[in-house]
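Peer 1: Supplied in structure tokens, the structure appears directly below.
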Amino acid sequence: MWVSILVIVTSAFGTALRFCQDRLFCRLKGNTAMSIFAASLIACLVCGILNALVTLVEVSPLLLEIVCAGFLCGYSSFAVISTVAALLARPKGGWKKSLFYSFSSFLLSLCFYFIGFFGVLILH
């Protein structure tokens, strides 16, 4: 039960951090699309690093669950990517930008996960 509570609490912290990051990107860039992109890549990198640490130094699987299912899910929320993709597709001809954004988010997120995972394994 306490693990579920920790996942909920850390998810709230991740969501709050993401909100602050979105506000900052909106002030700097004028939109939040890049903030969502960055959050997804950062979350995948951290998740890959944590998974490698579980393998190497026997970090608690509970910690992995709390951080990945809690904080990182609240922070990255891949559901937001679909919202941005839909918004990018709205203007005439925007479907190209939407497809590029969606595929690059997906592919780069996988790459960042594996960079984090294998980076830790190689550096160990």
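Every chain in the structure tokens takes a letter, A first, then B, and so on in the order presented; its residues are numbered from 1, and the ligands are numbered from 1 following the presented order.
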Give me the residues within 12 Å of segment 112-120 of chain A as a PyMOL selection string, counting only C-alpha atoms and dropping any in the same chain fewer than 4 places off.

Peer 2: chain A and resi 37-57+104-108+124

Peer 1: Next, the residues of the selection above should be written as a CSV table (one decimal), in the first residue's frame with N, CA and C atoms.

Peer 2:
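Wrote it out as again_37.csv, contents follow:
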chain,number,residue,atom,x,y,z
A,37,PHE,N,8.9,17.4,-25.8
A,37,PHE,CA,9.9,16.6,-26.5
A,37,PHE,C,11.1,16.4,-25.5
A,38,ALA,N,11.6,17.4,-24.9
A,38,ALA,CA,12.7,17.3,-23.9
A,38,ALA,C,12.3,16.4,-22.7
A,39,ALA,N,11.1,16.6,-22.2
A,39,ALA,CA,10.7,15.8,-21.1
A,39,ALA,C,10.7,14.3,-21.4
A,40,SER,N,10.2,14.0,-22.6
A,40,SER,CA,10.2,12.6,-23.0
A,40,SER,C,11.6,12.0,-23.1
A,41,LEU,N,12.5,12.7,-23.7
A,41,LEU,CA,13.9,12.2,-23.8
A,41,LEU,C,14.6,12.1,-22.5
A,42,ILE,N,14.4,13.1,-21.6
A,42,ILE,CA,15.0,13.0,-20.3
A,42,ILE,C,14.5,11.8,-19.5
A,43,ALA,N,13.1,11.6,-19.6
A,43,ALA,CA,12.5,10.6,-18.8
A,43,ALA,C,13.0,9.2,-19.3
A,44,CYS,N,13.2,9.0,-20.6
A,44,CYS,CA,13.6,7.8,-21.2
A,44,CYS,C,15.1,7.5,-20.8
A,45,LEU,N,15.9,8.6,-20.8
A,45,LEU,CA,17.3,8.5,-20.4
A,45,LEU,C,17.4,8.0,-19.0
A,46,VAL,N,16.7,8.7,-18.1
A,46,VAL,CA,16.7,8.3,-16.7
A,46,VAL,C,16.2,6.9,-16.4
A,47,CYS,N,15.2,6.5,-17.1
A,47,CYS,CA,14.6,5.2,-17.0
A,47,CYS,C,15.7,4.1,-17.4
A,48,GLY,N,16.3,4.4,-18.5
A,48,GLY,CA,17.4,3.5,-19.0
A,48,GLY,C,18.5,3.4,-18.0
A,49,ILE,N,18.9,4.5,-17.4
A,49,ILE,CA,20.0,4.5,-16.4
A,49,ILE,C,19.6,3.7,-15.2
A,50,LEU,N,18.3,3.9,-14.7
A,50,LEU,CA,17.8,3.2,-13.5
A,50,LEU,C,17.7,1.7,-13.8
A,51,ASN,N,17.3,1.3,-15.0
A,51,ASN,CA,17.2,-0.1,-15.3
A,51,ASN,C,18.6,-0.8,-15.4
A,52,ALA,N,19.6,0.0,-15.9
A,52,ALA,CA,20.9,-0.6,-15.9
A,52,ALA,C,21.5,-0.7,-14.4
A,53,LEU,N,21.2,0.3,-13.6
A,53,LEU,CA,21.6,0.2,-12.2
A,53,LEU,C,21.0,-1.0,-11.4
A,54,VAL,N,19.7,-1.3,-11.8
A,54,VAL,CA,19.1,-2.4,-11.2
A,54,VAL,C,19.9,-3.7,-11.5
A,55,THR,N,20.4,-3.8,-12.7
A,55,THR,CA,21.1,-4.9,-13.2
A,55,THR,C,22.5,-5.0,-12.5
A,56,LEU,N,23.2,-3.8,-12.4
A,56,LEU,CA,24.6,-3.8,-12.0
A,56,LEU,C,24.7,-3.8,-10.5
A,57,VAL,N,24.0,-2.9,-9.8
A,57,VAL,CA,24.3,-2.7,-8.4
A,57,VAL,C,23.1,-3.1,-7.5
A,104,SER,N,9.9,11.2,-34.5
A,104,SER,CA,11.2,11.6,-33.9
A,104,SER,C,11.1,11.4,-32.4
A,105,SER,N,9.9,11.8,-31.8
A,105,SER,CA,9.8,11.6,-30.4
A,105,SER,C,9.9,10.1,-30.0
A,106,PHE,N,9.3,9.3,-30.8
A,106,PHE,CA,9.3,7.8,-30.5
A,106,PHE,C,10.7,7.3,-30.6
A,107,LEU,N,11.3,7.5,-31.8
A,107,LEU,CA,12.6,7.0,-32.1
A,107,LEU,C,13.7,7.5,-31.1
A,108,LEU,N,13.7,8.8,-30.9
A,108,LEU,CA,14.7,9.4,-30.0
A,108,LEU,C,14.5,9.0,-28.6
A,124,HIS,N,30.5,1.2,-16.3
A,124,HIS,CA,30.7,0.4,-15.1
A,124,HIS,C,31.9,-0.5,-15.3

Peer 1: Neighbouring residues of Lys97 of chain A were defined as those with any atom within 10 Å, considering only C-alpha atoms; residues of the same chain fewer than 5 positions away were excluded. Please report them as a list of chain:residue names.

Peer 2: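 Result of the neighbour search: A:Ala85, A:Leu88, A:Ala89, A:Pro91, A:Ser102.
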
Peer 1: Store the residues picked out above in a file with N, CA and C atoms, as a CSV table (one decimal), in the first residue's frame.

Peer 2:
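Okay, this is what ended up in part-v5.csv:
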chain,number,residue,atom,x,y,z
A,85,ALA,N,0.8,16.3,-31.3
A,85,ALA,CA,0.7,15.9,-32.7
A,85,ALA,C,-0.6,16.3,-33.3
A,88,LEU,N,-0.4,20.0,-34.0
A,88,LEU,CA,0.5,20.3,-35.1
A,88,LEU,C,-0.1,20.0,-36.5
A,89,ALA,N,-1.0,19.0,-36.4
A,89,ALA,CA,-1.7,18.6,-37.7
A,89,ALA,C,-2.8,19.5,-38.1
A,91,PRO,N,-3.2,22.9,-38.8
A,91,PRO,CA,-3.1,23.8,-40.0
A,91,PRO,C,-2.9,23.0,-41.3
A,102,SER,N,6.0,13.1,-34.1
A,102,SER,CA,5.6,11.8,-33.5
A,102,SER,C,6.7,10.8,-33.7

Peer 1: By how many Å are atom CA of Thr10 of chain A and atom CA of Glu65 of chain A apart?

Peer 2: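 It comes out at 10.6 Å.
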
Peer 1: Taking only C-alpha atoms into account, which of A:Leu17, A:Leu123, A:Ile81, A:Leu6 comes nearest Leu64 of chain A?

Peer 2: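 For Leu64 of chain A, the nearest of the given residues is A:Leu6.
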
Peer 1: Kindly indicate which residue among A:Gly93, A:Gly74, A:Pro61, A:Gly30 lies nearest to Val3 of chain A, using only C-alpha atoms for the distances.

Peer 2: A:Pro61

Peer 1: Between A:Ser76, A:Ser82, A:Ser4, A:Ser60, single out the one closest to Asp22 of chain A, counting only C-alpha atoms.

Peer 2: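 Closest to Asp22 of chain A of all the choices is A:Ser76.
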
Peer 1: Work out how far atom CA of Ser109 of chain A is from atom CA of Leu28 of chain A, in Å to one decimal.

Peer 2: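 So the answer is 23.1 Å.
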
Peer 1: Pick out each residue of segment 37-109 of chain A that DSSP on the backbone tags as alpha helix (DSSP H); I need them as JSON, numbers by chain.

Peer 2: {"A": [37, 38, 39, 40, 41, 42, 43, 44, 45, 46, 47, 48, 49, 50, 51, 52, 53, 54, 55, 56, 57, 61, 62, 63, 64, 73, 74, 75, 76, 79, 80, 81, 82, 83, 84, 85, 86, 87, 88, 89, 94, 95, 96, 97, 98, 99, 100, 101, 102, 103, 104, 105, 106, 107, 108, 109]}

Peer 1: Generate the output file for the selected residues, C-alpha atoms, as a PDB file, in the first residue's frame.

Peer 2:
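Wrote it out as part_9.pdb, contents follow:
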ATOM      1  CA  PHE A  37       9.946  16.606 -26.491  1.00  0.00           C
ATOM      2  CA  ALA A  38      12.694  17.293 -23.929  1.00  0.00           C
ATOM      3  CA  ALA A  39      10.705  15.761 -21.059  1.00  0.00           C
ATOM      4  CA  SER A  40      10.169  12.558 -23.015  1.00  0.00           C
ATOM      5  CA  LEU A  41      13.861  12.231 -23.848  1.00  0.00           C
ATOM      6  CA  ILE A  42      15.013  13.022 -20.321  1.00  0.00           C
ATOM      7  CA  ALA A  43      12.533  10.552 -18.814  1.00  0.00           C
ATOM      8  CA  CYS A  44      13.645   7.768 -21.160  1.00  0.00           C
ATOM      9  CA  LEU A  45      17.316   8.475 -20.432  1.00  0.00           C
ATOM     10  CA  VAL A  46      16.742   8.332 -16.659  1.00  0.00           C
ATOM     11  CA  CYS A  47      14.628   5.181 -17.002  1.00  0.00           C
ATOM     12  CA  GLY A  48      17.397   3.489 -18.996  1.00  0.00           C
ATOM     13  CA  ILE A  49      19.988   4.494 -16.401  1.00  0.00           C
ATOM     14  CA  LEU A  50      17.846   3.169 -13.547  1.00  0.00           C
ATOM     15  CA  ASN A  51      17.210  -0.126 -15.323  1.00  0.00           C
ATOM     16  CA  ALA A  52      20.949  -0.573 -15.854  1.00  0.00           C
ATOM     17  CA  LEU A  53      21.621   0.218 -12.193  1.00  0.00           C
ATOM     18  CA  VAL A  54      19.108  -2.434 -11.154  1.00  0.00           C
ATOM     19  CA  THR A  55      21.139  -4.914 -13.198  1.00  0.00           C
ATOM     20  CA  LEU A  56      24.570  -3.786 -11.975  1.00  0.00           C
ATOM     21  CA  VAL A  57      24.286  -2.748  -8.363  1.00  0.00           C
ATOM     22  CA  PRO A  61      13.080  -2.791  -7.809  1.00  0.00           C
ATOM     23  CA  LEU A  62      10.725  -0.792  -5.581  1.00  0.00           C
ATOM     24  CA  LEU A  63      12.844   2.303  -6.172  1.00  0.00           C
ATOM     25  CA  LEU A  64      12.634   1.658  -9.896  1.00  0.00           C
ATOM     26  CA  CYS A  73       5.374   9.083 -15.700  1.00  0.00           C
ATOM     27  CA  GLY A  74       4.136  12.268 -14.085  1.00  0.00           C
ATOM     28  CA  TYR A  75       7.010  14.174 -15.660  1.00  0.00           C
ATOM     29  CA  SER A  76       6.938  12.820 -19.197  1.00  0.00           C
ATOM     30  CA  ALA A  79      -0.181  11.034 -23.684  1.00  0.00           C
ATOM     31  CA  VAL A  80       0.762  14.684 -24.095  1.00  0.00           C
ATOM     32  CA  ILE A  81       2.729  13.825 -27.250  1.00  0.00           C
ATOM     33  CA  SER A  82      -0.491  12.800 -28.974  1.00  0.00           C
ATOM     34  CA  THR A  83      -2.095  16.122 -28.053  1.00  0.00           C
ATOM     35  CA  VAL A  84       0.829  18.050 -29.537  1.00  0.00           C
ATOM     36  CA  ALA A  85       0.746  15.855 -32.655  1.00  0.00           C
ATOM     37  CA  ALA A  86      -2.936  16.651 -33.096  1.00  0.00           C
ATOM     38  CA  LEU A  87      -2.334  20.371 -32.634  1.00  0.00           C
ATOM     39  CA  LEU A  88       0.539  20.337 -35.115  1.00  0.00           C
ATOM     40  CA  ALA A  89      -1.660  18.570 -37.683  1.00  0.00           C
ATOM     41  CA  GLY A  94       0.573  20.364 -40.725  1.00  0.00           C
ATOM     42  CA  TRP A  95       0.325  16.585 -40.903  1.00  0.00           C
ATOM     43  CA  LYS A  96       3.942  16.438 -42.131  1.00  0.00           C
ATOM     44  CA  LYS A  97       5.168  18.303 -39.078  1.00  0.00           C
ATOM     45  CA  SER A  98       2.926  16.155 -36.873  1.00  0.00           C
ATOM     46  CA  LEU A  99       4.290  12.900 -38.311  1.00  0.00           C
ATOM     47  CA  PHE A 100       7.871  14.114 -37.992  1.00  0.00           C
ATOM     48  CA  TYR A 101       7.284  15.156 -34.376  1.00  0.00           C
ATOM     49  CA  SER A 102       5.620  11.836 -33.499  1.00  0.00           C
ATOM     50  CA  PHE A 103       8.201   9.583 -35.128  1.00  0.00           C
ATOM     51  CA  SER A 104      11.181  11.565 -33.904  1.00  0.00           C
ATOM     52  CA  SER A 105       9.768  11.578 -30.357  1.00  0.00           C
ATOM     53  CA  PHE A 106       9.287   7.827 -30.471  1.00  0.00           C
ATOM     54  CA  LEU A 107      12.635   6.967 -32.055  1.00  0.00           C
ATOM     55  CA  LEU A 108      14.709   9.394 -30.019  1.00  0.00           C
ATOM     56  CA  SER A 109      13.000   8.305 -26.792  1.00  0.00           C
TER      57      SER A 109
END

Peer 1: Just the number, please: distance in Å from atom CA of Leu121 of chain A to atom CA of Gly70 of chain A, one decimal.

Peer 2: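 It comes out at 24.1 Å.
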
Peer 1: Please determine, counting only C-alpha atoms, which residue among A:Leu72, A:Val59, A:Ile36, A:Ile5 has the shortest atom-to-atom distance to Leu24 of chain A.

Peer 2: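 Nearest to Leu24 of chain A: A:Ile36.
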
Peer 1: Looking at A:Lys92, A:Cys68, A:Ser35, A:Lys29, which one is nearest to Ser11 of chain A, with distances taken over only C-alpha atoms?

Peer 2: A:Cys68
